[in-house]
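Listing of protein-v6.cif, mmCIF, C-alpha atoms
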```
data_query
#
loop_
_atom_site.label_atom_id
_atom_site.label_comp_id
_atom_site.auth_asym_id
_atom_site.auth_seq_id
_atom_site.Cartn_x
_atom_site.Cartn_y
_atom_site.Cartn_z
CA MET A 1 27.04 3.24 9.27
CA SER A 2 26.79 4.57 12.80
CA GLN A 3 23.81 4.01 15.08
CA ILE A 4 22.93 7.70 14.84
CA GLU A 5 22.98 7.59 11.02
CA ALA A 6 20.77 4.48 11.04
CA GLU A 7 18.30 6.12 13.44
CA THR A 8 18.22 9.22 11.24
CA GLN A 9 17.50 7.02 8.20
CA ILE A 10 14.66 5.27 10.09
CA GLU A 11 13.16 8.63 11.05
CA GLN A 12 13.43 9.69 7.40
CA ALA A 13 11.69 6.48 6.28
CA ILE A 14 8.82 7.03 8.72
CA ALA A 15 8.46 10.69 7.72
CA THR A 16 8.53 9.77 4.01
CA LEU A 17 5.86 7.09 4.43
CA ARG A 18 3.68 9.46 6.46
CA VAL A 19 3.87 12.13 3.73
CA GLU A 20 3.74 9.94 0.61
CA LEU A 21 1.35 7.07 1.33
CA PRO A 22 -1.84 9.17 1.44
CA PHE A 23 -1.08 10.30 -2.14
CA LEU A 24 0.09 7.01 -3.66
CA PHE A 25 -2.80 6.99 -6.16
CA GLU A 26 -1.95 10.54 -7.25
CA ARG A 27 1.83 10.80 -7.52
CA ASP A 28 4.95 8.68 -7.52
CA LEU A 29 6.82 7.83 -4.36
CA SER A 30 10.45 8.62 -3.70
CA TYR A 31 12.31 5.35 -3.54
CA ASP A 32 15.48 6.28 -1.65
CA ILE A 33 14.19 4.76 1.62
CA TYR A 34 14.12 1.26 0.04
CA THR A 35 16.93 -1.17 -0.72
CA ARG A 36 17.69 -2.11 -4.32
CA ASP A 37 16.47 -5.68 -3.71
CA ILE A 38 13.29 -4.84 -1.76
CA TYR A 39 10.90 -7.77 -1.37
CA PHE A 40 7.16 -7.06 -1.72
CA ARG A 41 4.16 -9.29 -1.06
CA ASP A 42 0.44 -8.63 -0.87
CA PRO A 43 -2.53 -10.98 -1.41
CA VAL A 44 -2.12 -10.85 -5.22
CA ASN A 45 1.55 -9.96 -5.91
CA THR A 46 4.97 -11.18 -4.87
CA PHE A 47 8.24 -9.88 -6.31
CA LYS A 48 11.69 -8.58 -5.53
CA GLY A 49 13.61 -5.52 -6.72
CA LYS A 50 13.20 -1.76 -6.69
CA PHE A 51 12.33 -1.64 -10.41
CA ASN A 52 9.38 -4.00 -9.85
CA TYR A 53 8.41 -2.05 -6.73
CA ARG A 54 8.24 1.14 -8.81
CA ILE A 55 6.14 -0.68 -11.44
CA ILE A 56 3.55 -1.83 -8.88
CA PHE A 57 2.97 1.74 -7.72
CA TRP A 58 2.84 3.01 -11.32
CA THR A 59 0.27 0.29 -12.05
CA LEU A 60 -1.83 1.30 -9.03
CA ARG A 61 -1.91 4.93 -10.21
CA PHE A 62 -2.69 3.91 -13.80
CA HIS A 63 -5.58 1.62 -12.81
CA ALA A 64 -6.88 4.15 -10.29
CA ARG A 65 -7.22 6.78 -13.03
CA LEU A 66 -8.65 4.32 -15.53
CA PHE A 67 -11.21 2.48 -13.38
CA PHE A 68 -12.21 4.91 -10.61
CA THR A 69 -13.95 8.27 -10.55
CA SER A 70 -12.42 8.77 -7.12
CA ILE A 71 -10.02 6.74 -5.00
CA ALA A 72 -8.20 7.39 -1.75
CA PHE A 73 -5.62 5.80 0.49
CA ASP A 74 -6.46 6.74 4.07
CA LEU A 75 -3.42 6.28 6.29
CA HIS A 76 -4.60 5.67 9.87
CA SER A 77 -1.34 5.08 11.71
CA ILE A 78 2.37 4.51 11.37
CA GLU A 79 4.11 2.90 14.30
CA HIS A 80 7.68 1.86 14.96
CA PRO A 81 7.21 -1.02 17.44
CA SER A 82 10.78 -2.32 17.24
CA PRO A 83 14.10 -1.17 15.74
CA GLU A 84 13.61 -3.24 12.59
CA ILE A 85 9.87 -2.77 11.92
CA ILE A 86 7.55 0.00 10.76
CA HIS A 87 3.85 -0.85 10.82
CA ALA A 88 1.10 1.09 9.02
CA THR A 89 -2.69 0.66 8.99
CA TRP A 90 -4.82 2.05 6.20
CA THR A 91 -8.05 1.93 4.19
CA VAL A 92 -8.48 2.04 0.42
CA ARG A 93 -11.81 3.45 -0.72
CA GLY A 94 -13.09 4.47 -4.11
CA ILE A 95 -15.95 4.69 -6.56
CA LEU A 96 -15.68 2.61 -9.70
CA ARG A 97 -16.31 4.12 -13.11
CA LEU A 98 -19.39 1.96 -13.76
CA PRO A 99 -23.04 3.02 -14.30
CA TRP A 100 -24.13 1.76 -10.85
CA ARG A 101 -21.11 3.52 -9.20
CA PRO A 102 -20.05 0.68 -6.89
CA GLU A 103 -17.96 1.61 -3.90
CA LEU A 104 -14.72 -0.18 -3.12
CA ARG A 105 -13.50 -0.29 0.47
CA PHE A 106 -11.04 -2.49 2.30
CA ASN A 107 -8.65 -2.16 5.19
CA GLY A 108 -5.07 -3.26 5.30
CA GLU A 109 -1.81 -3.31 7.15
CA SER A 110 1.71 -2.81 5.84
CA THR A 111 4.72 -4.19 7.65
CA TYR A 112 8.06 -2.74 6.57
CA ARG A 113 11.29 -4.40 7.70
CA LEU A 114 14.45 -2.35 8.03
CA ASN A 115 18.07 -3.35 7.57
CA ALA A 116 20.93 -2.21 9.82
CA GLU A 117 21.27 1.00 7.76
CA GLY A 118 17.60 1.89 8.33
CA ARG A 119 16.48 1.18 4.76
CA ILE A 120 13.33 -0.81 3.99
CA TYR A 121 14.17 -4.23 2.53
CA GLU A 122 10.74 -5.88 2.89
CA HIS A 123 7.15 -4.64 2.51
CA ILE A 124 4.34 -7.08 3.35
CA ASP A 125 0.68 -6.04 2.97
CA THR A 126 -2.27 -7.89 4.44
CA TRP A 127 -5.91 -7.09 3.71
CA ASP A 128 -8.99 -7.52 5.90
CA ARG A 129 -10.51 -10.00 3.45
CA PRO A 130 -9.52 -12.09 0.43
CA PRO A 131 -9.27 -10.41 -3.01
CA SER A 132 -12.34 -12.35 -4.22
CA GLU A 133 -14.44 -10.73 -1.49
CA ILE A 134 -13.12 -7.30 -2.40
CA LEU A 135 -13.98 -7.87 -6.08
CA LYS A 136 -17.58 -8.69 -5.15
CA GLN A 137 -17.97 -5.01 -4.27
CA PHE A 138 -17.80 -4.27 -8.03
CA LEU A 139 -21.02 -6.16 -8.76
CA PRO A 140 -24.43 -4.49 -8.82
CA GLN A 141 -26.08 -4.77 -5.38
CA SER A 142 -28.70 -7.26 -6.56
CA ALA A 143 -26.00 -9.49 -8.10
CA SER A 144 -23.84 -9.46 -4.97
CA ARG A 145 -26.63 -10.65 -2.65
CA PRO A 146 -27.39 -14.37 -2.38
CA ALA A 147 -30.61 -15.54 -4.01
CA LYS A 148 -33.52 -16.29 -1.66
#
```

How does this structure look as structure tokens?
Amino acid sequence: MSQIEAETQIEQAIATLRVELPFLFERDLSYDIYTRDIYFRDPVNTFKGKFNYRIIFWTLRFHARLFFTSIAFDLHSIEHPSPEIIHATWTVRGILRLPWRPELRFNGESTYRLNAEGRIYEHIDTWDRPPSEILKQFLPQSASRPAK
């Protein structure tokens, strides 16, 4: 693959992420910007392979519809700081389908690594706090505050 073709593929990957990420809870992604053996890791999941990558996004959409009255993925920025890295910052926010309507909110960063052909072979997510802290948002306000 020529340098120009690789740069075109990287531009396509960035454009695809910019268009698709804000709607990841609503519709499926296109997976042609990823390698077949993509590696994914976030604070609760680690796996390899495009099939598993598709399953994680299907699972996110399924659980979003099942457990939330509303949920959004707010994409704040996508940067391309070096030839082999795309970096995105985002916030997930939603309202759980519970009588006390708890709000979920956490911030995160995604780092995508690109191969020589400009395809994403690694996707690493980090969150602004541990999953246990995020889950505490589901509790009624009185239950989530420490006893005096």

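The residue that comes closest to Trp127 in chain A, out of A:Leu17, A:Val92, A:Ile10, A:Ile71 and on the basis of only C-alpha atoms, is A:Val92.
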
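By all atoms listed in the file, and with residues fewer than 5 positions from Ala72 in chain A along its chain excluded, the set lying at most 12 Å from it is Leu21, Pro22, Phe23, Leu24, Phe25, Glu26, Leu60, Arg61, Ala64, Arg65, Trp90, Thr91, Val92, Arg93, Gly94, Ile95, Leu96, Glu103, Leu104, Arg105, Phe106 and Asn107 of chain A.
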
Test item: residues at most 12 Å from Ser77 in chain A, only C-alpha atoms, excluding those fewer than 5 positions along its chain, as a PyMOL selection string: chain A and resi 14-15+17-19+21-22+86-91+108-111

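The closest residue to Thr46 in chain A, picked from A:Ile124, A:Leu29, A:Leu114, A:Ile78 and counting all atoms listed in the file, is A:Ile124.
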
Neighbours of point (11.4, 1.6, 3.1) within 9 Å, using only C-alpha atoms, written as a ChimeraX atom specification: /A:10,13-14,16-17,31-35,38,86,112-114,118-123

Atom-to-atom span, CA of Glu7 in chain A and CA of Phe73 in chain A, Å: 27.2 Å

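Nearest residue to Arg101 in chain A among A:Glu20, A:Arg41, A:Phe68, A:Lys48 is A:Phe68, counting all atoms listed in the file.
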
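Separating CA of Phe57 in chain A from CA of Glu5 in chain A is a distance of 28.0 Å.
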
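If you look at CA of Glu11 in chain A and CA of His80 in chain A, they are 9.5 Å away from each other.
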
Residue with smallest distance to Gln141 in chain A - pool A:Thr126, A:Trp100, A:Leu75, A:Asn115, counting all atoms listed in the file: A:Trp100

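When all atoms listed in the file are used to measure the gap to Arg97 in chain A, the shortest distance among A:Phe138, A:Phe40, A:Phe47, A:Phe67 belongs to A:Phe67.
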
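Applied to the file shown here, the PyMOL selection byres ((chain A and resi 51) around 10) selects Tyr31, Arg36, Asp37, Ile38, Lys48, Gly49, Lys50, Asn52, Tyr53, Arg54, Ile55 and Ile56 of chain A.
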
Please return range 28-62 of chain A, rebuilt to N, CA and C atoms, as a PDB file, keeping the file's coordinate frame.
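Resulting contents of result.pdb:
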```pdb
ATOM      1  N   ASP A  28       3.933   9.700  -7.778  1.00  0.00           N
ATOM      2  CA  ASP A  28       4.950   8.680  -7.520  1.00  0.00           C
ATOM      3  C   ASP A  28       5.596   8.888  -6.154  1.00  0.00           C
ATOM      4  N   LEU A  29       6.094   7.806  -5.626  1.00  0.00           N
ATOM      5  CA  LEU A  29       6.820   7.830  -4.360  1.00  0.00           C
ATOM      6  C   LEU A  29       8.278   8.176  -4.634  1.00  0.00           C
ATOM      7  N   SER A  30       8.992   8.549  -3.598  1.00  0.00           N
ATOM      8  CA  SER A  30      10.450   8.620  -3.700  1.00  0.00           C
ATOM      9  C   SER A  30      10.940   7.262  -3.195  1.00  0.00           C
ATOM     10  N   TYR A  31      11.920   6.722  -3.832  1.00  0.00           N
ATOM     11  CA  TYR A  31      12.310   5.350  -3.540  1.00  0.00           C
ATOM     12  C   TYR A  31      13.649   5.226  -2.821  1.00  0.00           C
ATOM     13  N   ASP A  32      14.172   6.324  -2.306  1.00  0.00           N
ATOM     14  CA  ASP A  32      15.480   6.280  -1.650  1.00  0.00           C
ATOM     15  C   ASP A  32      15.456   5.658  -0.266  1.00  0.00           C
ATOM     16  N   ILE A  33      14.275   5.402   0.297  1.00  0.00           N
ATOM     17  CA  ILE A  33      14.190   4.760   1.620  1.00  0.00           C
ATOM     18  C   ILE A  33      14.178   3.233   1.517  1.00  0.00           C
ATOM     19  N   TYR A  34      14.201   2.711   0.283  1.00  0.00           N
ATOM     20  CA  TYR A  34      14.120   1.260   0.040  1.00  0.00           C
ATOM     21  C   TYR A  34      15.459   0.733  -0.471  1.00  0.00           C
ATOM     22  N   THR A  35      15.722  -0.534  -0.175  1.00  0.00           N
ATOM     23  CA  THR A  35      16.930  -1.170  -0.720  1.00  0.00           C
ATOM     24  C   THR A  35      16.685  -1.535  -2.184  1.00  0.00           C
ATOM     25  N   ARG A  36      17.766  -1.764  -2.894  1.00  0.00           N
ATOM     26  CA  ARG A  36      17.690  -2.110  -4.320  1.00  0.00           C
ATOM     27  C   ARG A  36      16.952  -3.440  -4.535  1.00  0.00           C
ATOM     28  N   ASP A  37      17.070  -4.350  -3.572  1.00  0.00           N
ATOM     29  CA  ASP A  37      16.470  -5.680  -3.710  1.00  0.00           C
ATOM     30  C   ASP A  37      15.222  -5.855  -2.832  1.00  0.00           C
ATOM     31  N   ILE A  38      14.468  -4.782  -2.620  1.00  0.00           N
ATOM     32  CA  ILE A  38      13.290  -4.840  -1.760  1.00  0.00           C
ATOM     33  C   ILE A  38      12.366  -5.992  -2.176  1.00  0.00           C
ATOM     34  N   TYR A  39      11.843  -6.676  -1.172  1.00  0.00           N
ATOM     35  CA  TYR A  39      10.900  -7.770  -1.370  1.00  0.00           C
ATOM     36  C   TYR A  39       9.504  -7.246  -1.042  1.00  0.00           C
ATOM     37  N   PHE A  40       8.536  -7.506  -1.931  1.00  0.00           N
ATOM     38  CA  PHE A  40       7.160  -7.060  -1.720  1.00  0.00           C
ATOM     39  C   PHE A  40       6.211  -8.244  -1.855  1.00  0.00           C
ATOM     40  N   ARG A  41       5.204  -8.271  -0.952  1.00  0.00           N
ATOM     41  CA  ARG A  41       4.160  -9.290  -1.060  1.00  0.00           C
ATOM     42  C   ARG A  41       2.852  -8.687  -0.559  1.00  0.00           C
ATOM     43  N   ASP A  42       1.797  -8.920  -1.322  1.00  0.00           N
ATOM     44  CA  ASP A  42       0.440  -8.630  -0.870  1.00  0.00           C
ATOM     45  C   ASP A  42      -0.420  -9.812  -1.297  1.00  0.00           C
ATOM     46  N   PRO A  43      -1.725  -9.800  -1.072  1.00  0.00           N
ATOM     47  CA  PRO A  43      -2.530 -10.980  -1.410  1.00  0.00           C
ATOM     48  C   PRO A  43      -2.565 -11.367  -2.895  1.00  0.00           C
ATOM     49  N   VAL A  44      -2.101 -10.491  -3.800  1.00  0.00           N
ATOM     50  CA  VAL A  44      -2.120 -10.850  -5.220  1.00  0.00           C
ATOM     51  C   VAL A  44      -0.762 -10.755  -5.912  1.00  0.00           C
ATOM     52  N   ASN A  45       0.239 -10.162  -5.283  1.00  0.00           N
ATOM     53  CA  ASN A  45       1.550  -9.960  -5.910  1.00  0.00           C
ATOM     54  C   ASN A  45       2.672 -10.384  -4.977  1.00  0.00           C
ATOM     55  N   THR A  46       3.734 -10.896  -5.584  1.00  0.00           N
ATOM     56  CA  THR A  46       4.970 -11.180  -4.870  1.00  0.00           C
ATOM     57  C   THR A  46       6.116 -10.931  -5.843  1.00  0.00           C
ATOM     58  N   PHE A  47       7.089 -10.123  -5.448  1.00  0.00           N
ATOM     59  CA  PHE A  47       8.240  -9.880  -6.310  1.00  0.00           C
ATOM     60  C   PHE A  47       9.380  -9.282  -5.502  1.00  0.00           C
ATOM     61  N   LYS A  48      10.503  -9.139  -6.165  1.00  0.00           N
ATOM     62  CA  LYS A  48      11.690  -8.580  -5.530  1.00  0.00           C
ATOM     63  C   LYS A  48      12.309  -7.562  -6.494  1.00  0.00           C
ATOM     64  N   GLY A  49      12.881  -6.513  -5.938  1.00  0.00           N
ATOM     65  CA  GLY A  49      13.610  -5.520  -6.720  1.00  0.00           C
ATOM     66  C   GLY A  49      12.922  -4.172  -6.777  1.00  0.00           C
ATOM     67  N   LYS A  50      13.735  -3.122  -6.704  1.00  0.00           N
ATOM     68  CA  LYS A  50      13.200  -1.760  -6.690  1.00  0.00           C
ATOM     69  C   LYS A  50      12.499  -1.408  -7.999  1.00  0.00           C
ATOM     70  N   PHE A  51      12.997  -1.910  -9.137  1.00  0.00           N
ATOM     71  CA  PHE A  51      12.330  -1.640 -10.410  1.00  0.00           C
ATOM     72  C   PHE A  51      10.895  -2.174 -10.378  1.00  0.00           C
ATOM     73  N   ASN A  52      10.714  -3.406  -9.940  1.00  0.00           N
ATOM     74  CA  ASN A  52       9.380  -4.000  -9.850  1.00  0.00           C
ATOM     75  C   ASN A  52       8.511  -3.259  -8.831  1.00  0.00           C
ATOM     76  N   TYR A  53       9.129  -2.818  -7.762  1.00  0.00           N
ATOM     77  CA  TYR A  53       8.410  -2.050  -6.730  1.00  0.00           C
ATOM     78  C   TYR A  53       7.875  -0.750  -7.333  1.00  0.00           C
ATOM     79  N   ARG A  54       8.689  -0.091  -8.130  1.00  0.00           N
ATOM     80  CA  ARG A  54       8.240   1.140  -8.810  1.00  0.00           C
ATOM     81  C   ARG A  54       7.082   0.827  -9.764  1.00  0.00           C
ATOM     82  N   ILE A  55       7.184  -0.289 -10.471  1.00  0.00           N
ATOM     83  CA  ILE A  55       6.140  -0.680 -11.440  1.00  0.00           C
ATOM     84  C   ILE A  55       4.810  -0.918 -10.736  1.00  0.00           C
ATOM     85  N   ILE A  56       4.816  -1.552  -9.568  1.00  0.00           N
ATOM     86  CA  ILE A  56       3.550  -1.830  -8.880  1.00  0.00           C
ATOM     87  C   ILE A  56       2.854  -0.530  -8.510  1.00  0.00           C
ATOM     88  N   PHE A  57       3.603   0.468  -8.074  1.00  0.00           N
ATOM     89  CA  PHE A  57       2.970   1.740  -7.720  1.00  0.00           C
ATOM     90  C   PHE A  57       2.525   2.512  -8.964  1.00  0.00           C
ATOM     91  N   TRP A  58       3.271   2.411 -10.060  1.00  0.00           N
ATOM     92  CA  TRP A  58       2.840   3.010 -11.320  1.00  0.00           C
ATOM     93  C   TRP A  58       1.533   2.352 -11.770  1.00  0.00           C
ATOM     94  N   THR A  59       1.461   1.038 -11.662  1.00  0.00           N
ATOM     95  CA  THR A  59       0.270   0.290 -12.050  1.00  0.00           C
ATOM     96  C   THR A  59      -0.937   0.688 -11.197  1.00  0.00           C
ATOM     97  N   LEU A  60      -0.734   0.851  -9.897  1.00  0.00           N
ATOM     98  CA  LEU A  60      -1.830   1.300  -9.030  1.00  0.00           C
ATOM     99  C   LEU A  60      -2.364   2.657  -9.476  1.00  0.00           C
ATOM    100  N   ARG A  61      -1.462   3.601  -9.758  1.00  0.00           N
ATOM    101  CA  ARG A  61      -1.910   4.930 -10.210  1.00  0.00           C
ATOM    102  C   ARG A  61      -2.625   4.841 -11.545  1.00  0.00           C
ATOM    103  N   PHE A  62      -2.090   4.062 -12.477  1.00  0.00           N
ATOM    104  CA  PHE A  62      -2.690   3.910 -13.800  1.00  0.00           C
ATOM    105  C   PHE A  62      -4.111   3.340 -13.695  1.00  0.00           C
TER     106      PHE A  62
END
```
